Amino acid sequence: MSTISRIEDKKRLVRRLAGSGRGFAEQYGFRVINNPSSLFQVLCLAVLLARRGDFRRALDSAHALPAAGWDSAARLARSLHADRVRVLRDSGQRGDVDALADTLGDLARTVVERYRGDLRRLRAVAHHDPARERELLTELPGVDAAVADLFLREAQALWREVAPVADRRALVAARRLGLGRSADDLAGLAGSGESERLAWLVGALARVDLEQRYAELTA
């Protein structure tokens with residue numbers, strides 16, 4: 001196969017993956033918009049997805065939090081530990097659910113105390129510097145480098161300065177599908193300055209790996 005043919009194949013696959021116009025979170029029902037409630041829900045989703053176990057359980061738990069009335073940092077911060085434990089267990093969480101309930105409560109309270117419940121203030125404090133944004137994120141309870149990657153994978157559609165971001169699963173899928181080995185490689189395929197399209201592409205790749213949908217893409 002010629003170099004030109006390989007490039008065209010890559011472009012076709014990228015169009016197929018990013019063509020829905022939705023990233024990982026939005027494909028599963030979480031709106032990614034630049035408001036306090038949405039951003040905090042995406043952060044909670046990232047915390048849950050970073051845990052070991054079936055990713056569907058993480059999605060169920062992430063949906064269960066706003067369903068319980070905790071759709072913002074302020075509301076989750078006011079919740080009782082016992083209620084968080086109950087909601088998490090009812091949504092399928094296993095392992096040390098008490099610790100997870102503590103982490104989510106601490107995360108919510110810290111976001112309220114430091115940023116008045118609004119992660120856009122974290123961005124403002126960082127002066128839109130991506131390294132500082134990542135640093136401030138990882139200072140939050142329950143947020144390590146992997147969680148920050150998962151959050152910024154989605155947020156790069158809105159916070160363009162952090163792009164390119166690709167989490168571990170997206171990069172695994174990219175390598176297996178021959179689309180590259182780094183976030184920079186994927187950014188090149190998405191298009192210069194297209195952070196939103198990159199977020200869609202990276203999110204779709206993460207879904208491919210989580211759902212093991214390789215066969216349908218390579219058939």
# chains A, B, ... in the order shown; residues from 1 in each chain; ligands from 1
$ select_by_dssp --residues "segment 5-202 of chain A" --states "helix (DSSP H, G or I)" --output "tab-separated table (two decimals) with N, CA and C atoms, in the first residue's frame"
chain	number	residue	atom	x	y	z
A	5	SER	N	-2.15	6.12	0.06
A	5	SER	CA	-3.28	5.26	0.41
A	5	SER	C	-3.41	5.09	1.91
A	6	ARG	N	-2.27	4.91	2.58
A	6	ARG	CA	-2.31	4.76	4.04
A	6	ARG	C	-2.85	6.03	4.69
A	7	ILE	N	-2.43	7.17	4.20
A	7	ILE	CA	-2.91	8.44	4.76
A	7	ILE	C	-4.41	8.58	4.54
A	8	GLU	N	-4.89	8.23	3.35
A	8	GLU	CA	-6.32	8.33	3.07
A	8	GLU	C	-7.11	7.37	3.95
A	9	ASP	N	-6.57	6.18	4.19
A	9	ASP	CA	-7.23	5.23	5.08
A	9	ASP	C	-7.35	5.80	6.49
A	10	LYS	N	-6.29	6.42	6.96
A	10	LYS	CA	-6.31	7.04	8.28
A	10	LYS	C	-7.37	8.13	8.36
A	11	LYS	N	-7.42	8.96	7.32
A	11	LYS	CA	-8.39	10.06	7.31
A	11	LYS	C	-9.82	9.54	7.31
A	12	ARG	N	-10.06	8.47	6.55
A	12	ARG	CA	-11.39	7.89	6.53
A	12	ARG	C	-11.78	7.35	7.91
A	13	LEU	N	-10.82	6.68	8.56
A	13	LEU	CA	-11.10	6.13	9.88
A	13	LEU	C	-11.34	7.25	10.89
A	14	VAL	N	-10.56	8.32	10.80
A	14	VAL	CA	-10.75	9.46	11.71
A	14	VAL	C	-12.13	10.08	11.50
A	15	ARG	N	-12.53	10.22	10.24
A	15	ARG	CA	-13.87	10.78	9.97
A	15	ARG	C	-14.95	9.88	10.55
A	16	ARG	N	-14.74	8.58	10.45
A	16	ARG	CA	-15.72	7.63	10.99
A	16	ARG	C	-15.79	7.72	12.51
A	17	LEU	N	-14.65	7.81	13.15
A	17	LEU	CA	-14.60	7.84	14.61
A	17	LEU	C	-15.12	9.16	15.17
A	18	ALA	N	-14.71	10.28	14.56
A	18	ALA	CA	-15.07	11.59	15.08
A	18	ALA	C	-16.35	12.14	14.47
A	24	PHE	N	-16.31	11.13	24.45
A	24	PHE	CA	-16.62	9.96	25.28
A	24	PHE	C	-17.79	10.26	26.23
A	25	ALA	N	-17.67	11.31	27.01
A	25	ALA	CA	-18.69	11.60	28.03
A	25	ALA	C	-20.06	11.81	27.40
A	26	GLU	N	-20.13	12.57	26.32
A	26	GLU	CA	-21.42	12.87	25.72
A	26	GLU	C	-22.05	11.64	25.09
A	27	GLN	N	-21.24	10.71	24.61
A	27	GLN	CA	-21.79	9.47	24.07
A	27	GLN	C	-22.53	8.68	25.15
A	36	PRO	N	-20.40	25.21	35.62
A	36	PRO	CA	-19.89	24.53	36.83
A	36	PRO	C	-20.43	23.13	37.02
A	37	SER	N	-21.73	22.94	36.81
A	37	SER	CA	-22.34	21.63	37.04
A	37	SER	C	-21.79	20.59	36.08
A	38	SER	N	-21.74	20.92	34.79
A	38	SER	CA	-21.25	19.97	33.79
A	38	SER	C	-19.80	19.59	34.04
A	39	LEU	N	-18.96	20.58	34.27
A	39	LEU	CA	-17.54	20.29	34.47
A	39	LEU	C	-17.32	19.42	35.71
A	40	PHE	N	-18.07	19.68	36.77
A	40	PHE	CA	-17.89	18.88	37.97
A	40	PHE	C	-18.37	17.45	37.74
A	41	GLN	N	-19.46	17.28	37.03
A	41	GLN	CA	-19.93	15.92	36.74
A	41	GLN	C	-18.91	15.15	35.90
A	42	VAL	N	-18.27	15.83	34.95
A	42	VAL	CA	-17.23	15.19	34.15
A	42	VAL	C	-16.04	14.80	35.02
A	43	LEU	N	-15.71	15.65	36.00
A	43	LEU	CA	-14.61	15.32	36.91
A	43	LEU	C	-14.96	14.10	37.76
A	44	CYS	N	-16.19	14.03	38.27
A	44	CYS	CA	-16.61	12.85	39.03
A	44	CYS	C	-16.57	11.60	38.15
A	45	LEU	N	-17.01	11.73	36.91
A	45	LEU	CA	-16.94	10.62	35.97
A	45	LEU	C	-15.50	10.14	35.81
A	46	ALA	N	-14.57	11.08	35.69
A	46	ALA	CA	-13.16	10.73	35.55
A	46	ALA	C	-12.65	9.97	36.77
A	47	VAL	N	-13.02	10.42	37.95
A	47	VAL	CA	-12.61	9.73	39.18
A	47	VAL	C	-13.12	8.29	39.18
A	48	LEU	N	-14.37	8.10	38.78
A	48	LEU	CA	-14.96	6.77	38.78
A	48	LEU	C	-14.39	5.88	37.69
A	49	LEU	N	-14.13	6.44	36.52
A	49	LEU	CA	-13.57	5.65	35.42
A	49	LEU	C	-12.15	5.18	35.70
A	55	PHE	N	-16.17	-0.58	33.24
A	55	PHE	CA	-16.39	0.85	33.06
A	55	PHE	C	-17.88	1.18	33.10
A	56	ARG	N	-18.74	0.22	32.79
A	56	ARG	CA	-20.19	0.48	32.83
A	56	ARG	C	-20.64	0.75	34.26
A	57	ARG	N	-19.99	0.14	35.21
A	57	ARG	CA	-20.30	0.39	36.61
A	57	ARG	C	-19.95	1.83	36.97
A	58	ALA	N	-18.82	2.30	36.45
A	58	ALA	CA	-18.43	3.70	36.68
A	58	ALA	C	-19.43	4.64	36.07
A	59	LEU	N	-19.91	4.33	34.86
A	59	LEU	CA	-20.91	5.18	34.21
A	59	LEU	C	-22.21	5.20	35.01
A	60	ASP	N	-22.62	4.03	35.49
A	60	ASP	CA	-23.86	3.96	36.28
A	60	ASP	C	-23.74	4.81	37.55
A	61	SER	N	-22.59	4.74	38.21
A	61	SER	CA	-22.40	5.52	39.43
A	61	SER	C	-22.35	7.01	39.13
A	62	ALA	N	-21.69	7.37	38.03
A	62	ALA	CA	-21.61	8.78	37.66
A	62	ALA	C	-22.99	9.34	37.35
A	63	HIS	N	-23.85	8.54	36.75
A	63	HIS	CA	-25.23	8.98	36.51
A	63	HIS	C	-26.05	9.02	37.80
A	64	ALA	N	-25.72	8.12	38.73
A	64	ALA	CA	-26.50	8.03	39.97
A	64	ALA	C	-26.32	9.27	40.85
A	65	LEU	N	-25.15	9.90	40.78
A	65	LEU	CA	-24.91	11.07	41.63
A	65	LEU	C	-25.87	12.22	41.31
A	66	PRO	N	-25.96	12.70	40.06
A	66	PRO	CA	-26.94	13.76	39.79
A	66	PRO	C	-28.37	13.28	39.95
A	67	ALA	N	-28.63	11.98	39.69
A	67	ALA	CA	-29.98	11.46	39.87
A	67	ALA	C	-30.41	11.55	41.33
A	73	ALA	N	-20.95	20.53	42.62
A	73	ALA	CA	-20.03	20.36	43.75
A	73	ALA	C	-20.69	20.79	45.05
A	74	ALA	N	-21.43	21.89	45.01
A	74	ALA	CA	-22.06	22.40	46.23
A	74	ALA	C	-23.07	21.40	46.79
A	75	ARG	N	-23.86	20.79	45.93
A	75	ARG	CA	-24.87	19.85	46.40
A	75	ARG	C	-24.24	18.55	46.89
A	76	LEU	N	-23.22	18.07	46.18
A	76	LEU	CA	-22.55	16.86	46.65
A	76	LEU	C	-21.82	17.13	47.96
A	77	ALA	N	-21.29	18.32	48.11
A	77	ALA	CA	-20.58	18.67	49.35
A	77	ALA	C	-21.50	18.64	50.55
A	81	HIS	N	-22.41	11.22	54.20
A	81	HIS	CA	-21.56	10.08	53.83
A	81	HIS	C	-22.39	8.82	53.64
A	82	ALA	N	-23.29	8.54	54.55
A	82	ALA	CA	-24.09	7.31	54.47
A	82	ALA	C	-24.94	7.30	53.21
A	83	ASP	N	-25.44	8.45	52.80
A	83	ASP	CA	-26.24	8.52	51.58
A	83	ASP	C	-25.38	8.28	50.34
A	84	ARG	N	-24.16	8.81	50.34
A	84	ARG	CA	-23.28	8.56	49.21
A	84	ARG	C	-22.94	7.08	49.11
A	85	VAL	N	-22.66	6.45	50.23
A	85	VAL	CA	-22.36	5.02	50.24
A	85	VAL	C	-23.53	4.24	49.67
A	86	ARG	N	-24.74	4.56	50.11
A	86	ARG	CA	-25.93	3.85	49.62
A	86	ARG	C	-26.09	4.00	48.11
A	87	VAL	N	-25.97	5.22	47.61
A	87	VAL	CA	-26.14	5.47	46.18
A	87	VAL	C	-25.06	4.75	45.37
A	88	LEU	N	-23.84	4.79	45.83
A	88	LEU	CA	-22.75	4.12	45.12
A	88	LEU	C	-22.94	2.61	45.10
A	89	ARG	N	-23.34	2.04	46.24
A	89	ARG	CA	-23.57	0.59	46.28
A	89	ARG	C	-24.74	0.20	45.39
A	90	ASP	N	-25.82	0.99	45.45
A	90	ASP	CA	-26.99	0.69	44.63
A	90	ASP	C	-26.68	0.78	43.13
A	97	VAL	N	-16.22	0.94	49.14
A	97	VAL	CA	-17.19	1.99	48.78
A	97	VAL	C	-17.15	3.14	49.78
A	98	ASP	N	-16.88	2.82	51.04
A	98	ASP	CA	-16.78	3.88	52.06
A	98	ASP	C	-15.67	4.87	51.69
A	99	ALA	N	-14.53	4.35	51.26
A	99	ALA	CA	-13.42	5.23	50.88
A	99	ALA	C	-13.78	6.06	49.65
A	100	LEU	N	-14.46	5.45	48.69
A	100	LEU	CA	-14.88	6.18	47.50
A	100	LEU	C	-15.86	7.29	47.86
A	101	ALA	N	-16.80	6.98	48.76
A	101	ALA	CA	-17.75	7.99	49.21
A	101	ALA	C	-17.04	9.15	49.90
A	102	ASP	N	-16.02	8.81	50.70
A	102	ASP	CA	-15.22	9.86	51.34
A	102	ASP	C	-14.50	10.71	50.30
A	103	THR	N	-13.90	10.06	49.31
A	103	THR	CA	-13.15	10.78	48.28
A	103	THR	C	-14.05	11.75	47.52
A	104	LEU	N	-15.21	11.28	47.11
A	104	LEU	CA	-16.12	12.16	46.37
A	104	LEU	C	-16.61	13.32	47.22
A	105	GLY	N	-16.87	13.06	48.49
A	105	GLY	CA	-17.27	14.13	49.39
A	105	GLY	C	-16.17	15.15	49.59
A	106	ASP	N	-14.94	14.65	49.81
A	106	ASP	CA	-13.79	15.54	49.97
A	106	ASP	C	-13.53	16.35	48.70
A	107	LEU	N	-13.68	15.69	47.56
A	107	LEU	CA	-13.48	16.38	46.28
A	107	LEU	C	-14.48	17.53	46.14
A	108	ALA	N	-15.73	17.25	46.40
A	108	ALA	CA	-16.77	18.28	46.27
A	108	ALA	C	-16.50	19.43	47.23
A	109	ARG	N	-16.20	19.12	48.47
A	109	ARG	CA	-15.97	20.20	49.45
A	109	ARG	C	-14.75	21.04	49.07
A	110	THR	N	-13.71	20.40	48.57
A	110	THR	CA	-12.50	21.14	48.19
A	110	THR	C	-12.77	22.05	46.99
A	111	VAL	N	-13.52	21.56	46.01
A	111	VAL	CA	-13.87	22.41	44.86
A	111	VAL	C	-14.70	23.60	45.30
A	112	VAL	N	-15.58	23.39	46.26
A	112	VAL	CA	-16.38	24.50	46.79
A	112	VAL	C	-15.49	25.49	47.55
A	113	GLU	N	-14.62	24.97	48.41
A	113	GLU	CA	-13.79	25.85	49.24
A	113	GLU	C	-12.77	26.63	48.42
A	114	ARG	N	-12.15	25.99	47.44
A	114	ARG	CA	-11.09	26.66	46.68
A	114	ARG	C	-11.61	27.46	45.48
A	115	TYR	N	-12.69	26.93	44.86
A	115	TYR	CA	-13.12	27.52	43.59
A	115	TYR	C	-14.60	27.87	43.56
A	119	LEU	N	-15.11	24.89	38.48
A	119	LEU	CA	-13.78	24.56	37.97
A	119	LEU	C	-13.27	25.56	36.94
A	120	ARG	N	-14.13	26.41	36.44
A	120	ARG	CA	-13.66	27.49	35.56
A	120	ARG	C	-12.77	28.45	36.34
A	121	ARG	N	-13.00	28.54	37.65
A	121	ARG	CA	-12.13	29.38	38.49
A	121	ARG	C	-10.74	28.76	38.62
A	122	LEU	N	-10.67	27.43	38.62
A	122	LEU	CA	-9.35	26.78	38.61
A	122	LEU	C	-8.60	27.19	37.36
A	123	ARG	N	-9.29	27.19	36.26
A	123	ARG	CA	-8.67	27.59	34.99
A	123	ARG	C	-8.20	29.04	35.05
A	124	ALA	N	-9.01	29.90	35.67
A	124	ALA	CA	-8.64	31.31	35.78
A	124	ALA	C	-7.44	31.49	36.70
A	125	VAL	N	-7.42	30.75	37.82
A	125	VAL	CA	-6.29	30.81	38.74
A	125	VAL	C	-5.00	30.39	38.03
A	130	PRO	N	-1.73	25.34	30.67
A	130	PRO	CA	-2.12	23.93	30.79
A	130	PRO	C	-1.35	23.15	31.85
A	131	ALA	N	-0.07	23.44	32.02
A	131	ALA	CA	0.70	22.73	33.04
A	131	ALA	C	0.19	23.07	34.43
A	132	ARG	N	-0.12	24.33	34.64
A	132	ARG	CA	-0.65	24.75	35.94
A	132	ARG	C	-2.06	24.22	36.17
A	133	GLU	N	-2.86	24.17	35.13
A	133	GLU	CA	-4.21	23.61	35.26
A	133	GLU	C	-4.13	22.15	35.70
A	134	ARG	N	-3.25	21.41	35.06
A	134	ARG	CA	-3.07	20.01	35.43
A	134	ARG	C	-2.56	19.88	36.87
A	135	GLU	N	-1.64	20.75	37.25
A	135	GLU	CA	-1.10	20.73	38.61
A	135	GLU	C	-2.20	21.00	39.63
A	136	LEU	N	-3.03	22.00	39.38
A	136	LEU	CA	-4.11	22.32	40.32
A	136	LEU	C	-5.14	21.20	40.39
A	137	LEU	N	-5.41	20.58	39.27
A	137	LEU	CA	-6.34	19.45	39.27
A	137	LEU	C	-5.83	18.32	40.16
A	138	THR	N	-4.54	17.99	40.03
A	138	THR	CA	-4.00	16.87	40.79
A	138	THR	C	-3.81	17.20	42.27
A	145	ALA	N	-2.77	11.73	38.15
A	145	ALA	CA	-2.46	12.04	36.76
A	145	ALA	C	-3.43	11.35	35.81
A	146	ALA	N	-3.82	10.11	36.12
A	146	ALA	CA	-4.74	9.37	35.26
A	146	ALA	C	-6.11	10.03	35.24
A	147	VAL	N	-6.59	10.46	36.40
A	147	VAL	CA	-7.89	11.14	36.48
A	147	VAL	C	-7.83	12.46	35.73
A	148	ALA	N	-6.73	13.19	35.89
A	148	ALA	CA	-6.58	14.45	35.17
A	148	ALA	C	-6.63	14.23	33.67
A	149	ASP	N	-5.99	13.15	33.18
A	149	ASP	CA	-6.04	12.84	31.75
A	149	ASP	C	-7.47	12.60	31.29
A	150	LEU	N	-8.23	11.85	32.08
A	150	LEU	CA	-9.60	11.54	31.70
A	150	LEU	C	-10.47	12.80	31.68
A	151	PHE	N	-10.27	13.68	32.66
A	151	PHE	CA	-11.03	14.93	32.68
A	151	PHE	C	-10.63	15.83	31.52
A	152	LEU	N	-9.34	16.00	31.32
A	152	LEU	CA	-8.87	16.91	30.27
A	152	LEU	C	-9.12	16.36	28.87
A	153	ARG	N	-9.22	15.04	28.74
A	153	ARG	CA	-9.61	14.45	27.46
A	153	ARG	C	-10.93	15.06	26.99
A	154	GLU	N	-11.86	15.26	27.93
A	154	GLU	CA	-13.15	15.85	27.59
A	154	GLU	C	-13.07	17.37	27.57
A	155	ALA	N	-12.41	17.95	28.56
A	155	ALA	CA	-12.39	19.41	28.71
A	155	ALA	C	-11.64	20.11	27.60
A	160	ARG	N	-9.19	24.94	25.20
A	160	ARG	CA	-8.35	24.57	24.05
A	160	ARG	C	-6.87	24.57	24.36
A	161	GLU	N	-6.49	25.33	25.37
A	161	GLU	CA	-5.06	25.43	25.68
A	161	GLU	C	-4.47	24.12	26.18
A	162	VAL	N	-5.30	23.19	26.70
A	162	VAL	CA	-4.75	21.94	27.25
A	162	VAL	C	-4.46	20.91	26.17
A	168	ARG	N	-4.75	6.88	28.32
A	168	ARG	CA	-4.05	5.63	28.04
A	168	ARG	C	-4.86	4.73	27.10
A	169	ARG	N	-6.14	4.59	27.33
A	169	ARG	CA	-6.95	3.70	26.50
A	169	ARG	C	-7.06	4.22	25.06
A	170	ALA	N	-7.19	5.52	24.91
A	170	ALA	CA	-7.26	6.09	23.57
A	170	ALA	C	-5.97	5.82	22.81
A	171	LEU	N	-4.84	5.90	23.49
A	171	LEU	CA	-3.56	5.66	22.83
A	171	LEU	C	-3.37	4.19	22.49
A	172	VAL	N	-3.88	3.30	23.34
A	172	VAL	CA	-3.84	1.87	23.02
A	172	VAL	C	-4.61	1.62	21.73
A	173	ALA	N	-5.81	2.19	21.62
A	173	ALA	CA	-6.62	2.01	20.42
A	173	ALA	C	-5.96	2.63	19.20
A	174	ALA	N	-5.38	3.82	19.38
A	174	ALA	CA	-4.71	4.50	18.27
A	174	ALA	C	-3.58	3.63	17.70
A	175	ARG	N	-2.80	3.03	18.59
A	175	ARG	CA	-1.69	2.18	18.14
A	175	ARG	C	-2.22	0.95	17.40
A	176	ARG	N	-3.25	0.32	17.95
A	176	ARG	CA	-3.78	-0.90	17.33
A	176	ARG	C	-4.41	-0.61	15.97
A	183	ALA	N	-0.54	11.72	21.59
A	183	ALA	CA	-1.60	12.73	21.45
A	183	ALA	C	-1.28	13.68	20.31
A	184	ASP	N	-0.02	13.96	20.10
A	184	ASP	CA	0.37	14.85	18.99
A	184	ASP	C	0.03	14.21	17.65
A	185	ASP	N	0.24	12.89	17.53
A	185	ASP	CA	-0.11	12.20	16.30
A	185	ASP	C	-1.60	12.34	16.01
A	186	LEU	N	-2.41	12.16	17.03
A	186	LEU	CA	-3.87	12.25	16.86
A	186	LEU	C	-4.29	13.68	16.56
A	187	ALA	N	-3.62	14.65	17.17
A	187	ALA	CA	-3.93	16.05	16.89
A	187	ALA	C	-3.66	16.37	15.42
A	188	GLY	N	-2.60	15.79	14.87
A	188	GLY	CA	-2.29	16.01	13.47
A	188	GLY	C	-3.38	15.48	12.55
A	189	LEU	N	-3.99	14.35	12.95
A	189	LEU	CA	-5.06	13.78	12.15
A	189	LEU	C	-6.37	14.54	12.33
A	190	ALA	N	-6.58	15.08	13.52
A	190	ALA	CA	-7.82	15.83	13.78
A	190	ALA	C	-7.81	17.17	13.07
A	195	SER	N	-9.35	21.41	18.61
A	195	SER	CA	-9.36	20.72	19.90
A	195	SER	C	-10.68	19.99	20.14
A	196	GLU	N	-11.78	20.54	19.63
A	196	GLU	CA	-13.07	19.88	19.81
A	196	GLU	C	-13.12	18.57	19.01
A	197	ARG	N	-12.69	18.63	17.77
A	197	ARG	CA	-12.64	17.41	16.94
A	197	ARG	C	-11.67	16.40	17.54
A	198	LEU	N	-10.57	16.87	18.09
A	198	LEU	CA	-9.62	15.97	18.75
A	198	LEU	C	-10.28	15.29	19.94
A	199	ALA	N	-11.05	16.04	20.73
A	199	ALA	CA	-11.75	15.45	21.87
A	199	ALA	C	-12.71	14.37	21.41
A	200	TRP	N	-13.41	14.60	20.30
A	200	TRP	CA	-14.32	13.58	19.76
A	200	TRP	C	-13.54	12.34	19.34
A	201	LEU	N	-12.42	12.55	18.65
A	201	LEU	CA	-11.62	11.43	18.17
A	201	LEU	C	-11.06	10.62	19.32
A	202	VAL	N	-10.46	11.30	20.28
A	202	VAL	CA	-9.85	10.60	21.42
A	202	VAL	C	-10.91	9.87	22.23
$ atom_distance --atom1 "atom CA of Ser192 of chain A" --atom2 "atom CA of Ala163 of chain A"
10.6 Å
$ closest_residue --among "A:Glu216, A:Asp54, A:Asp167, A:Asp209" --to "Arg94 of chain A" --atoms "only C-alpha atoms"
A:Asp54
$ atom_distance --atom1 "atom CA of Arg51 of chain A" --atom2 "atom CA of Leu205 of chain A"
19.0 Å
$ closest_residue --among "A:Ala166, A:Ala50, A:Ala215, A:Ala68" --to "Gly203 of chain A" --atoms "only C-alpha atoms"
A:Ala166
